[in-house]
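Listing of structure21.tsv, TSV, C-alpha atoms
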```tsv
chain	number	residue	atom	x	y	z
A	1	MET	CA	9.18	36.63	18.53
A	2	PRO	CA	9.75	33.14	17.09
A	3	VAL	CA	7.76	32.36	13.96
A	4	ARG	CA	6.43	28.85	13.52
A	5	ARG	CA	7.69	27.42	10.27
A	6	VAL	CA	5.06	25.93	7.96
A	7	ARG	CA	5.75	22.26	7.44
A	8	ARG	CA	5.07	20.74	4.06
A	9	ARG	CA	5.00	17.42	2.32
A	10	TYR	CA	6.29	16.79	-1.19
A	11	LEU	CA	4.61	14.03	-3.18
A	12	LYS	CA	6.30	12.52	-6.19
A	13	PHE	CA	3.59	11.17	-8.47
A	14	ARG	CA	3.07	9.58	-11.84
A	15	VAL	CA	0.15	10.01	-14.21
A	16	ALA	CA	-1.15	6.86	-15.90
A	17	SER	CA	-3.12	7.41	-19.08
A	18	GLU	CA	-3.20	6.76	-22.80
A	19	TRP	CA	-2.77	10.51	-23.25
A	20	ARG	CA	0.13	12.79	-22.46
A	21	TYR	CA	-0.50	15.86	-20.38
A	22	GLN	CA	1.12	19.19	-19.73
A	23	ALA	CA	1.75	20.64	-16.27
A	24	GLN	CA	-1.28	22.94	-16.41
A	25	ASP	CA	-3.67	20.05	-17.20
A	26	VAL	CA	-2.43	18.16	-14.16
A	27	ALA	CA	-2.50	21.21	-11.87
A	28	ASP	CA	-6.09	21.94	-12.96
A	29	ALA	CA	-7.16	18.32	-12.41
A	30	VAL	CA	-5.66	18.25	-8.90
A	31	GLN	CA	-7.28	21.53	-7.93
A	32	ARG	CA	-10.64	20.45	-9.39
A	33	GLU	CA	-10.57	17.17	-7.46
A	34	VAL	CA	-9.64	18.81	-4.13
A	35	LEU	CA	-12.40	21.38	-4.67
A	36	SER	CA	-14.93	18.71	-5.57
A	37	LEU	CA	-14.13	16.59	-2.49
A	38	TYR	CA	-13.38	19.21	0.18
A	39	GLY	CA	-14.63	22.57	-1.14
A	40	VAL	CA	-12.96	25.96	-1.01
A	41	HIS	CA	-12.19	25.63	2.71
A	42	GLY	CA	-10.44	22.29	2.15
A	43	LEU	CA	-8.51	23.63	-0.82
A	44	SER	CA	-7.21	26.51	1.29
A	45	ARG	CA	-6.11	24.15	4.07
A	46	ILE	CA	-4.51	21.48	1.88
A	47	ASN	CA	-2.96	24.16	-0.34
A	48	PRO	CA	-1.72	21.89	-3.16
A	49	VAL	CA	0.95	23.40	-5.39
A	50	LEU	CA	2.42	21.68	-8.43
A	51	ILE	CA	6.16	22.22	-8.01
A	52	GLY	CA	7.15	20.61	-11.26
A	53	PHE	CA	5.98	18.22	-13.96
A	54	GLU	CA	8.08	16.29	-16.39
A	55	GLU	CA	6.10	15.70	-19.57
A	56	GLU	CA	8.49	13.06	-20.85
A	57	GLY	CA	7.91	10.62	-17.98
A	58	GLN	CA	4.53	12.08	-16.91
A	59	THR	CA	5.84	12.40	-13.36
A	60	GLY	CA	5.69	15.41	-11.09
A	61	ILE	CA	6.05	16.79	-7.60
A	62	LEU	CA	3.20	18.28	-5.59
A	63	ARG	CA	3.52	20.21	-2.37
A	64	CYS	CA	0.86	20.28	0.33
A	65	SER	CA	0.42	21.07	4.01
A	66	HIS	CA	1.88	18.29	6.20
A	67	LEU	CA	-1.32	18.17	8.28
A	68	HIS	CA	-3.42	17.23	5.26
A	69	LEU	CA	-1.26	14.68	3.48
A	70	ARG	CA	-3.94	12.00	3.73
A	71	LEU	CA	-6.58	14.28	2.23
A	72	MET	CA	-4.19	15.09	-0.59
A	73	ARG	CA	-3.58	11.40	-1.24
A	74	ALA	CA	-7.34	10.75	-1.25
A	75	ALA	CA	-7.94	13.55	-3.75
A	76	LEU	CA	-5.22	12.20	-6.06
A	77	ALA	CA	-6.62	8.66	-5.80
A	78	TYR	CA	-10.07	10.04	-6.66
A	79	VAL	CA	-8.90	11.41	-10.02
A	80	THR	CA	-10.39	9.40	-12.89
A	81	ASN	CA	-9.89	11.81	-15.75
A	82	ILE	CA	-7.67	14.68	-16.74
A	83	ASP	CA	-8.79	17.15	-19.36
A	84	GLY	CA	-11.64	14.82	-20.34
A	85	HIS	CA	-9.49	11.70	-20.88
A	86	ALA	CA	-9.37	8.67	-18.57
A	87	ALA	CA	-6.35	8.87	-16.26
A	88	SER	CA	-5.17	8.07	-12.76
A	89	ILE	CA	-2.54	9.57	-10.49
A	90	HIS	CA	-0.27	7.41	-8.34
A	91	VAL	CA	1.89	8.67	-5.50
A	92	MET	CA	5.32	7.09	-5.69
A	93	ARG	CA	7.07	8.73	-2.74
A	94	VAL	CA	6.49	11.33	-0.05
A	95	SER	CA	9.17	13.50	1.52
A	96	GLY	CA	9.27	16.35	4.03
A	97	THR	CA	10.82	17.50	7.27
A	98	ASN	CA	9.77	16.66	10.81
B	1	MET	CA	6.74	-3.81	7.19
B	2	ARG	CA	3.14	-4.09	6.03
B	3	ARG	CA	2.21	-6.47	3.27
B	4	PHE	CA	-0.61	-5.04	1.20
B	5	ILE	CA	-3.22	-7.09	-0.59
B	6	ASP	CA	-5.88	-6.06	-3.09
B	7	LEU	CA	-8.58	-8.69	-2.75
B	8	HIS	CA	-10.42	-7.80	-5.92
B	9	LEU	CA	-9.15	-7.46	-9.45
B	10	ARG	CA	-11.85	-8.20	-12.00
B	11	GLN	CA	-11.34	-9.91	-15.32
B	12	PRO	CA	-11.17	-7.14	-17.94
B	13	ALA	CA	-13.55	-7.45	-20.86
B	14	GLY	CA	-11.81	-8.55	-24.06
B	15	SER	CA	-8.07	-9.06	-24.06
B	16	SER	CA	-6.45	-11.42	-21.56
B	17	ASP	CA	-3.19	-9.46	-21.93
B	18	GLU	CA	-4.74	-6.63	-19.93
B	19	LEU	CA	-4.97	-8.89	-16.86
B	20	GLU	CA	-1.24	-9.66	-17.14
B	21	LEU	CA	-0.52	-5.94	-17.43
B	22	MET	CA	-2.69	-5.34	-14.37
B	23	LEU	CA	-0.63	-7.86	-12.37
B	24	ARG	CA	2.60	-6.18	-13.44
B	25	PHE	CA	1.14	-2.80	-12.52
B	26	ALA	CA	0.00	-4.14	-9.11
B	27	ALA	CA	3.55	-5.28	-8.34
B	28	ASP	CA	4.83	-1.89	-9.48
B	29	LEU	CA	2.39	-0.07	-7.19
B	30	GLY	CA	3.63	-2.00	-4.16
B	31	TRP	CA	0.97	-4.65	-3.67
B	32	GLY	CA	2.21	-7.91	-2.14
B	33	GLY	CA	-0.81	-9.90	-3.23
B	34	VAL	CA	-3.88	-9.64	-5.44
B	35	ALA	CA	-7.00	-11.76	-5.71
B	36	VAL	CA	-8.19	-12.23	-9.26
B	37	ALA	CA	-11.86	-12.91	-9.85
B	38	SER	CA	-12.00	-15.36	-12.72
B	39	ASP	CA	-13.52	-18.68	-13.72
B	40	GLY	CA	-10.25	-20.37	-12.76
B	41	GLY	CA	-9.18	-21.20	-16.33
B	42	GLN	CA	-6.03	-19.08	-16.55
B	43	LEU	CA	-5.22	-19.05	-12.85
B	44	GLY	CA	-2.21	-21.36	-13.15
B	45	ARG	CA	-0.57	-19.06	-15.67
B	46	LEU	CA	-1.34	-15.97	-13.54
B	47	LYS	CA	0.08	-17.60	-10.41
B	48	GLY	CA	3.25	-18.36	-12.36
B	49	LEU	CA	3.50	-14.74	-13.47
B	50	GLY	CA	2.85	-13.66	-9.89
B	51	GLU	CA	5.78	-15.74	-8.66
B	52	GLU	CA	8.01	-14.03	-11.22
B	53	LEU	CA	6.85	-10.61	-10.02
B	54	GLY	CA	6.95	-11.42	-6.29
B	55	LEU	CA	3.17	-11.09	-6.17
B	56	ASP	CA	0.94	-13.57	-4.37
B	57	VAL	CA	-1.95	-14.32	-6.76
B	58	ILE	CA	-5.08	-15.54	-5.03
B	59	SER	CA	-8.04	-17.23	-6.67
B	60	ARG	CA	-11.41	-15.61	-6.15
B	61	VAL	CA	-14.93	-16.12	-7.39
B	62	ASP	CA	-17.72	-13.53	-7.41
B	63	LEU	CA	-21.16	-15.08	-7.06
B	64	ARG	CA	-24.19	-13.13	-8.26
B	65	PRO	CA	-27.10	-15.40	-7.37
B	66	ARG	CA	-30.70	-14.40	-7.96
B	67	GLY	CA	-32.00	-16.20	-4.89
B	68	ALA	CA	-30.99	-18.03	-1.71
B	69	ARG	CA	-31.34	-21.49	-3.29
B	70	GLU	CA	-29.11	-20.56	-6.23
B	71	LEU	CA	-26.54	-19.21	-3.76
B	72	ARG	CA	-26.44	-22.47	-1.78
B	73	ALA	CA	-26.02	-24.50	-4.97
B	74	SER	CA	-23.21	-22.23	-6.21
B	75	LEU	CA	-21.41	-22.41	-2.87
B	76	ARG	CA	-21.46	-26.22	-2.95
B	77	ARG	CA	-19.88	-26.08	-6.42
B	78	VAL	CA	-17.13	-23.48	-5.84
B	79	ARG	CA	-16.11	-23.49	-2.18
B	80	ARG	CA	-13.29	-26.02	-2.51
B	81	ARG	CA	-12.04	-24.55	-5.82
B	82	PHE	CA	-11.36	-20.92	-4.83
B	83	GLU	CA	-9.41	-19.30	-2.02
B	84	ILE	CA	-11.86	-16.41	-1.75
B	85	VAL	CA	-15.62	-16.62	-2.26
B	86	ALA	CA	-17.43	-13.29	-2.51
B	87	VAL	CA	-21.15	-12.75	-2.89
B	88	CYS	CA	-22.56	-9.68	-4.61
B	89	CYS	CA	-25.78	-9.13	-2.69
B	90	ARG	CA	-28.37	-7.65	-5.05
B	91	SER	CA	-31.42	-8.56	-2.97
B	92	LYS	CA	-32.18	-8.80	0.72
B	93	ALA	CA	-32.89	-12.54	0.51
B	94	VAL	CA	-29.46	-13.22	-1.00
B	95	ALA	CA	-27.77	-10.87	1.45
B	96	ARG	CA	-29.32	-12.60	4.47
B	97	GLN	CA	-28.48	-16.09	3.23
B	98	ALA	CA	-24.90	-15.07	2.36
B	99	ALA	CA	-24.33	-13.41	5.73
B	100	ARG	CA	-25.31	-16.52	7.68
B	101	ASP	CA	-23.38	-18.99	5.51
B	102	HIS	CA	-19.91	-19.96	6.82
B	103	ARG	CA	-18.73	-20.73	3.28
B	104	VAL	CA	-18.92	-17.06	2.26
B	105	ASP	CA	-15.83	-14.90	2.86
B	106	LEU	CA	-16.86	-11.50	1.57
B	107	LEU	CA	-20.11	-9.65	1.18
B	108	ASN	CA	-20.34	-6.76	-1.22
B	109	PHE	CA	-23.26	-4.70	-2.40
B	110	SER	CA	-24.50	-2.90	-5.48
B	111	PRO	CA	-22.56	0.21	-6.56
B	112	SER	CA	-25.87	1.86	-7.46
B	113	PRO	CA	-27.20	3.93	-4.52
B	114	SER	CA	-30.82	3.20	-5.50
B	115	THR	CA	-30.31	-0.60	-5.48
B	116	ARG	CA	-28.25	-0.28	-2.31
B	117	ASN	CA	-31.24	1.31	-0.57
B	118	ARG	CA	-33.00	-2.07	-0.90
B	119	ALA	CA	-30.11	-4.41	-0.01
B	120	TRP	CA	-27.33	-2.98	2.09
B	121	PHE	CA	-25.16	-3.91	5.04
B	122	ASP	CA	-27.70	-3.02	7.70
B	123	ARG	CA	-27.57	-3.97	11.39
B	124	GLN	CA	-29.30	-7.34	10.96
B	125	GLU	CA	-26.93	-8.18	8.14
B	126	ALA	CA	-23.94	-7.18	10.30
B	127	SER	CA	-25.21	-9.29	13.17
B	128	LEU	CA	-25.55	-12.38	10.92
B	129	ALA	CA	-22.15	-11.77	9.32
B	130	SER	CA	-20.55	-11.49	12.74
B	131	GLY	CA	-21.83	-14.96	13.66
B	132	ALA	CA	-20.66	-16.54	10.40
B	133	SER	CA	-17.24	-14.80	10.22
B	134	CYS	CA	-18.02	-13.10	6.90
B	135	ALA	CA	-16.23	-9.87	6.11
B	136	TYR	CA	-17.76	-6.79	4.53
B	137	GLU	CA	-16.00	-5.57	1.40
B	138	ILE	CA	-15.74	-2.05	0.00
B	139	ASN	CA	-14.92	-1.85	-3.70
B	140	VAL	CA	-13.29	1.53	-4.24
B	141	SER	CA	-13.98	1.40	-8.00
B	142	ASP	CA	-17.68	1.81	-7.10
B	143	LEU	CA	-16.86	5.28	-5.78
B	144	LEU	CA	-14.72	6.48	-8.65
B	145	GLY	CA	-16.20	8.43	-11.52
B	146	LEU	CA	-19.58	9.06	-9.88
B	147	GLY	CA	-21.18	12.47	-10.14
B	148	PRO	CA	-21.42	14.63	-7.00
B	149	ALA	CA	-25.00	13.61	-6.08
B	150	ALA	CA	-24.58	9.86	-6.59
B	151	GLY	CA	-21.10	9.98	-5.04
B	152	ALA	CA	-22.34	11.74	-1.90
B	153	LYS	CA	-25.25	9.29	-1.57
B	154	LEU	CA	-22.99	6.24	-1.89
B	155	LEU	CA	-20.42	7.66	0.52
B	156	SER	CA	-23.17	8.22	3.06
B	157	ILE	CA	-24.43	4.61	2.71
B	158	ILE	CA	-20.91	3.16	2.98
B	159	ARG	CA	-20.23	5.28	6.08
B	160	ARG	CA	-23.31	3.78	7.78
B	161	GLU	CA	-22.34	0.27	6.64
B	162	ILE	CA	-18.88	0.66	8.17
B	163	GLU	CA	-20.45	1.82	11.44
B	164	ASN	CA	-22.67	-1.29	11.44
B	165	ALA	CA	-19.63	-3.49	10.77
B	166	ARG	CA	-17.68	-1.85	13.60
B	167	ASP	CA	-20.59	-2.18	16.05
B	168	HIS	CA	-20.81	-5.93	15.39
B	169	GLY	CA	-17.09	-6.65	15.09
B	170	VAL	CA	-17.30	-7.57	11.40
B	171	PRO	CA	-13.95	-7.20	9.60
B	172	VAL	CA	-13.92	-4.70	6.73
B	173	ALA	CA	-11.71	-5.38	3.72
B	174	THR	CA	-11.08	-2.72	1.10
B	175	SER	CA	-10.35	-3.68	-2.49
B	176	SER	CA	-9.94	-1.79	-5.73
B	177	GLY	CA	-12.54	-3.79	-7.71
B	178	ALA	CA	-10.56	-2.68	-10.75
B	179	ASP	CA	-11.10	-4.14	-14.22
B	180	SER	CA	-8.45	-1.93	-15.84
B	181	ARG	CA	-5.12	-0.40	-14.90
B	182	LEU	CA	-6.67	3.05	-14.69
B	183	LEU	CA	-8.93	1.94	-11.84
B	184	MET	CA	-6.04	0.51	-9.81
B	185	ARG	CA	-4.58	2.59	-6.99
B	186	GLU	CA	-1.46	2.28	-4.82
B	187	PRO	CA	-2.12	0.76	-1.34
B	188	ARG	CA	-1.78	4.00	0.62
B	189	GLY	CA	-3.93	5.87	-1.91
B	190	LEU	CA	-6.66	3.25	-1.55
B	191	ALA	CA	-6.44	3.50	2.25
B	192	ALA	CA	-6.50	7.31	2.08
B	193	LEU	CA	-9.76	7.22	0.12
B	194	LEU	CA	-11.36	5.66	3.19
B	195	ASP	CA	-10.99	9.03	4.87
B	196	LEU	CA	-14.11	9.96	2.86
B	197	VAL	CA	-16.14	7.40	4.80
B	198	GLY	CA	-14.81	8.22	8.24
B	199	VAL	CA	-12.02	5.65	8.51
B	200	GLY	CA	-8.80	6.75	10.21
B	201	GLU	CA	-5.32	6.24	8.81
B	202	GLU	CA	-4.28	3.18	10.83
B	203	GLU	CA	-7.66	1.46	10.46
B	204	GLY	CA	-7.60	2.17	6.71
B	205	LEU	CA	-4.18	0.59	6.32
B	206	GLU	CA	-5.37	-2.50	8.20
B	207	MET	CA	-8.24	-2.82	5.74
B	208	VAL	CA	-5.80	-3.22	2.86
B	209	SER	CA	-3.23	-5.36	4.67
B	210	SER	CA	-3.72	-7.49	7.77
B	211	ILE	CA	-7.51	-7.95	7.47
B	212	PRO	CA	-7.51	-9.33	3.90
B	213	TRP	CA	-4.35	-11.37	4.58
B	214	GLY	CA	-6.08	-12.89	7.60
B	215	ILE	CA	-8.99	-14.05	5.43
B	216	VAL	CA	-6.64	-15.56	2.82
B	217	GLU	CA	-4.52	-17.37	5.40
B	218	VAL	CA	-7.53	-18.93	7.15
B	219	ASN	CA	-8.92	-20.13	3.81
B	220	ARG	CA	-5.60	-21.52	2.63
B	221	GLY	CA	-5.46	-23.46	5.87
B	222	LYS	CA	-8.94	-24.84	5.20
B	223	LEU	CA	-8.05	-25.81	1.63
B	224	SER	CA	-4.83	-27.56	2.68
B	225	PRO	CA	-4.92	-31.39	2.61
B	226	GLY	CA	-4.50	-31.80	6.39
B	227	PHE	CA	-7.55	-29.75	7.32
B	228	ILE	CA	-10.36	-31.64	9.06
B	229	ALA	CA	-12.41	-28.93	10.81
B	230	PRO	CA	-11.67	-25.55	12.39
B	231	GLY	CA	-9.00	-26.25	15.04
B	232	VAL	CA	-8.53	-29.87	13.94
B	233	ARG	CA	-5.95	-30.99	11.39
B	234	VAL	CA	-3.94	-34.08	10.53
B	235	VAL	CA	-0.59	-33.91	12.36
B	236	GLU	CA	0.76	-37.34	11.48
B	237	GLU	CA	-0.11	-39.89	8.83
B	238	GLY	CA	0.60	-43.61	8.51
B	239	ALA	CA	-0.65	-46.98	9.73
B	240	GLY	CA	1.19	-46.60	13.05
```

Could you express the structure from this file as structure tokens?
Amino acid sequence: MPVRRVRRRYLKFRVASEWRYQAQDVADAVQREVLSLYGVHGLSRINPVLIGFEEEGQTGILRCSHLHLRLMRAALAYVTNIDGHAASIHVMRVSGTN
Amino acid sequence: MRRFIDLHLRQPAGSSDELELMLRFAADLGWGGVAVASDGGQLGRLKGLGEELGLDVISRVDLRPRGARELRASLRRVRRRFEIVAVCCRSKAVARQAARDHRVDLLNFSPSPSTRNRAWFDRQEASLASGASCAYEINVSDLLGLGPAAGAKLLSIIRREIENARDHGVPVATSSGADSRLLMREPRGLAALLDLVGVGEEEGLEMVSSIPWGIVEVNRGKLSPGFIAPGVRVVEEGAG
């Protein structure tokens, strides 16, 4: 029986802040924001996963379900602080397969 | 390809360097144009910087009148000096006068849900704005950093305001309203935030591109030397 492959989107993003963050801070902030906006149900559907984060340039790659890319973008745009310090997250590029 | 425009960057308190950094950041984020709310003093310098960055810098004034009479007097003073005139409606009297005045481009409302309960973009306001070709503006910075209760309340009000605007054919423009780099967002991020108030993807992108550009182009036409009245302009000059 054919299995339907899960399609995903990969978002390259940059953190803007006076502070420098580690991967876990960013992953926590993303999860907190998705939870705050869409709840547990939304978090399970969007399924954001931090694939990698480069502390030097404060850039990273997030993975999410392709059906909920817009919700993911909204949650990232809604971020105003990370670990208690003012910050914002900007999506630079989105990739994925059709 | 879409050309995105953020119709509202506010003058940051303190250093004027921050505004320059905000323009550079806007260009970096992919904006094609930004309107800067200022008294007009440093606009020439900012427009020059915009040209360097490939960013169209638009002049804007935010009026915060206390009454209808003060609004009319302010409009007489500023209309020919700025490309965008926005009115922050803090009372119903001001909101009604602004919505029926053809010299007003954008109407925006208090970020505080309690004040917004008194003066908001209700149906009567939408009907007046529709007749005067005013647009309704959402400042996304109003939504950021609010607690869950206040955030939910404001989202609910904005959702109803957008429905009123749609029902009466009033254009909706979405701006950042940022007064610092940390409140600025990339165009698609700003449009995605509109999902929270029931705006679809395509409609959201229009609210940060073609709708605000339309307002700027019409006003630039009106401010150009050949403009006489809507639909009438000088096509040839000379004694014949």

Exercise for review: Excluding region 65-71 of chain A and any residue of its chain fewer than 3 positions from it, enumerate the residues within 10 Å of it, using all atoms listed in the file, and give them as a PyMOL selection string.
Suggested key: (chain A and resi 6-11+34+37-38+42+44-49+74-77+94-98) or (chain B and resi 188-189+191-196+200-201)

For Ala86 (chain A), list every protein, DNA or RNA residue within 8 Å, evaluated using all atoms listed in the file, and leave out those in the same chain fewer than 2 positions away; present the list as a PDB file with C-alpha atoms, in the coordinates of the input.
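Saved file around.pdb follows:
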```pdb
ATOM      1  CA  SER A  17      -3.120   7.410 -19.080  1.00  0.00           C
ATOM      2  CA  GLU A  18      -3.200   6.760 -22.800  1.00  0.00           C
ATOM      3  CA  THR A  80     -10.390   9.400 -12.890  1.00  0.00           C
ATOM      4  CA  ASN A  81      -9.890  11.810 -15.750  1.00  0.00           C
ATOM      5  CA  ILE A  82      -7.670  14.680 -16.740  1.00  0.00           C
ATOM      6  CA  GLY A  84     -11.640  14.820 -20.340  1.00  0.00           C
ATOM      7  CA  SER A  88      -5.170   8.070 -12.760  1.00  0.00           C
TER       8      SER A  88
ATOM      9  CA  LEU B 182      -6.670   3.050 -14.690  1.00  0.00           C
TER      10      LEU B 182
END
```

Find the residues of chain B that sit at most 12 Å from chain A; for each, write down the nearest two atoms and how far apart they are in Å, to one decimal. Count only C-alpha atoms. Sort by chain, then by number going up, and give it as a tab-separated table.
```
residue	atom	partner	partner_atom	distance
B:Phe25	CA	A:Ala16	CA	10.5
B:Ala26	CA	A:His90	CA	11.6
B:Asp28	CA	A:Met92	CA	9.8
B:Leu29	CA	A:Met92	CA	7.9
B:Gly30	CA	A:Met92	CA	9.4
B:Val140	CA	A:Tyr78	CA	9.4
B:Ser141	CA	A:Tyr78	CA	9.6
B:Asp142	CA	A:Tyr78	CA	11.2
B:Leu143	CA	A:Tyr78	CA	8.3
B:Leu144	CA	A:Tyr78	CA	6.2
B:Gly145	CA	A:Thr80	CA	6.0
B:Leu146	CA	A:Thr80	CA	9.7
B:Gly147	CA	A:Ser36	CA	9.9
B:Pro148	CA	A:Ser36	CA	7.8
B:Ala149	CA	A:Ser36	CA	11.3
B:Gly151	CA	A:Leu37	CA	9.9
B:Ala152	CA	A:Leu37	CA	9.6
B:Leu155	CA	A:Leu37	CA	11.3
B:Ser176	CA	A:Ala77	CA	11.0
B:Ser180	CA	A:Ser88	CA	11.0
B:Arg181	CA	A:Ala16	CA	8.3
B:Leu182	CA	A:Ser88	CA	5.6
B:Leu183	CA	A:Ser88	CA	7.2
B:Met184	CA	A:Ser88	CA	8.2
B:Arg185	CA	A:Ala77	CA	6.5
B:Glu186	CA	A:His90	CA	6.3
B:Pro187	CA	A:Val91	CA	9.8
B:Arg188	CA	A:Arg73	CA	7.8
B:Gly189	CA	A:Ala77	CA	5.5
B:Leu190	CA	A:Ala77	CA	6.9
B:Ala191	CA	A:Ala74	CA	8.1
B:Ala192	CA	A:Ala74	CA	4.9
B:Leu193	CA	A:Ala74	CA	4.5
B:Leu194	CA	A:Ala74	CA	7.9
B:Asp195	CA	A:Ala74	CA	7.3
B:Leu196	CA	A:Ala74	CA	8.0
B:Val197	CA	A:Ala74	CA	11.2
B:Gly198	CA	A:Leu71	CA	11.9
B:Val199	CA	A:Arg70	CA	11.3
B:Gly200	CA	A:Arg70	CA	9.7
B:Glu201	CA	A:Arg70	CA	7.8
B:Glu202	CA	A:Arg70	CA	11.3
B:Gly204	CA	A:Arg70	CA	10.9
B:Leu205	CA	A:Arg70	CA	11.7
```

Practice item. Have a look at B:Met207, B:Leu49, B:Leu75, B:Ala135 and name the one nearest to Gly169 (chain B); count all atoms listed in the file. Key: B:Ala135

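Comparing the minimum interatomic distances between Ala98 (chain B) and each of B:Phe121, B:Trp213, B:Trp31, B:Phe227, counting all atoms listed in the file, we find that B:Phe121 sits nearest.
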
Check your understanding: Which residues come within 12 Å of Arg220 (chain B), counting all atoms listed in the file, excluding same-chain residues fewer than 2 positions away, as number ranges by chain?
Key -> B: 58-59, 79-84, 213-218, 222-227

Go ahead and save the residues from that selection, with C-alpha atoms, as an mmCIF file, keeping the file's coordinate frame.
```cif
data_model
loop_
_atom_site.group_PDB
_atom_site.id
_atom_site.type_symbol
_atom_site.label_atom_id
_atom_site.label_comp_id
_atom_site.auth_asym_id
_atom_site.auth_seq_id
_atom_site.Cartn_x
_atom_site.Cartn_y
_atom_site.Cartn_z
ATOM 1 C CA ILE B 58 -5.080 -15.540 -5.030
ATOM 2 C CA SER B 59 -8.040 -17.230 -6.670
ATOM 3 C CA ARG B 79 -16.110 -23.490 -2.180
ATOM 4 C CA ARG B 80 -13.290 -26.020 -2.510
ATOM 5 C CA ARG B 81 -12.040 -24.550 -5.820
ATOM 6 C CA PHE B 82 -11.360 -20.920 -4.830
ATOM 7 C CA GLU B 83 -9.410 -19.300 -2.020
ATOM 8 C CA ILE B 84 -11.860 -16.410 -1.750
ATOM 9 C CA TRP B 213 -4.350 -11.370 4.580
ATOM 10 C CA GLY B 214 -6.080 -12.890 7.600
ATOM 11 C CA ILE B 215 -8.990 -14.050 5.430
ATOM 12 C CA VAL B 216 -6.640 -15.560 2.820
ATOM 13 C CA GLU B 217 -4.520 -17.370 5.400
ATOM 14 C CA VAL B 218 -7.530 -18.930 7.150
ATOM 15 C CA LYS B 222 -8.940 -24.840 5.200
ATOM 16 C CA LEU B 223 -8.050 -25.810 1.630
ATOM 17 C CA SER B 224 -4.830 -27.560 2.680
ATOM 18 C CA PRO B 225 -4.920 -31.390 2.610
ATOM 19 C CA GLY B 226 -4.500 -31.800 6.390
ATOM 20 C CA PHE B 227 -7.550 -29.750 7.320
#
```

Practice item. Go through B:Asn219, B:Ile158, B:Val36, B:Gly48 and flag the residue nearest Val104 (chain B), using only C-alpha atoms for the distances. Key: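 Closest residue, counting only C-alpha atoms: B:Asn219.
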
Check your understanding: Could you tell me, as a ChimeraX atom specification, which residues have any atom at most 9 Å from (5.5, 21.8, -9.1), counting all atoms listed in the file?
Key -> /A:23,27,49-53,60-63

Review point. CA of Gly57 (chain A) to CA of Arg32 (chain A): how many Å, to one decimal?
Key: 22.7 Å

Point to revise | Distance query Ala119 (chain B) at most 12 Å, all atoms listed in the file, self and fewer than 2 positions along chain excluded, as a ChimeraX atom specification | key: /B:88-96,107-117,121-125,157,161

Point to revise | CA of His85 (chain A) to CA of Pro12 (chain B), distance in Å rounded to a single decimal | key: 19.1 Å

Review point. Between CA of Ala132 (chain B) and CA of Leu63 (chain B), what is the distance, to one decimal in Å?
Key: 17.5 Å

Check your understanding: Hey, which of A:Arg93, A:Glu56, A:Trp19, A:Cys64 ends up closest to Gln31 (chain A)? Count only C-alpha atoms.
Key ->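 With only C-alpha atoms as the atom set, the closest residue is A:Cys64.
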
Mind filling out region 60-71 of chain B with N, CA and C atoms and sending it as a tab-separated table (two decimals), in the frame of the given file?
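Once written, out18.tsv looks like this:
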```tsv
chain	number	residue	atom	x	y	z
B	60	ARG	N	-10.19	-16.17	-6.73
B	60	ARG	CA	-11.41	-15.61	-6.15
B	60	ARG	C	-12.56	-15.85	-7.10
B	61	VAL	N	-13.74	-16.04	-6.55
B	61	VAL	CA	-14.93	-16.12	-7.39
B	61	VAL	C	-15.97	-15.14	-6.85
B	62	ASP	N	-16.62	-14.45	-7.77
B	62	ASP	CA	-17.72	-13.53	-7.41
B	62	ASP	C	-19.03	-14.20	-7.77
B	63	LEU	N	-19.86	-14.47	-6.79
B	63	LEU	CA	-21.16	-15.08	-7.06
B	63	LEU	C	-22.22	-13.98	-7.12
B	64	ARG	N	-23.09	-14.10	-8.13
B	64	ARG	CA	-24.19	-13.13	-8.26
B	64	ARG	C	-25.51	-13.90	-8.35
B	65	PRO	N	-25.89	-14.57	-7.29
B	65	PRO	CA	-27.10	-15.40	-7.37
B	65	PRO	C	-28.37	-14.54	-7.36
B	66	ARG	N	-29.44	-15.15	-7.95
B	66	ARG	CA	-30.70	-14.40	-7.96
B	66	ARG	C	-31.55	-14.72	-6.72
B	67	GLY	N	-31.23	-15.85	-6.08
B	67	GLY	CA	-32.00	-16.20	-4.89
B	67	GLY	C	-31.16	-17.03	-3.94
B	68	ALA	N	-31.72	-17.32	-2.76
B	68	ALA	CA	-30.99	-18.03	-1.71
B	68	ALA	C	-30.64	-19.47	-2.15
B	69	ARG	N	-31.57	-20.10	-2.87
B	69	ARG	CA	-31.34	-21.49	-3.29
B	69	ARG	C	-30.18	-21.56	-4.29
B	70	GLU	N	-30.19	-20.61	-5.23
B	70	GLU	CA	-29.11	-20.56	-6.23
B	70	GLU	C	-27.77	-20.31	-5.54
B	71	LEU	N	-27.78	-19.49	-4.49
B	71	LEU	CA	-26.54	-19.21	-3.76
B	71	LEU	C	-26.00	-20.49	-3.11
```
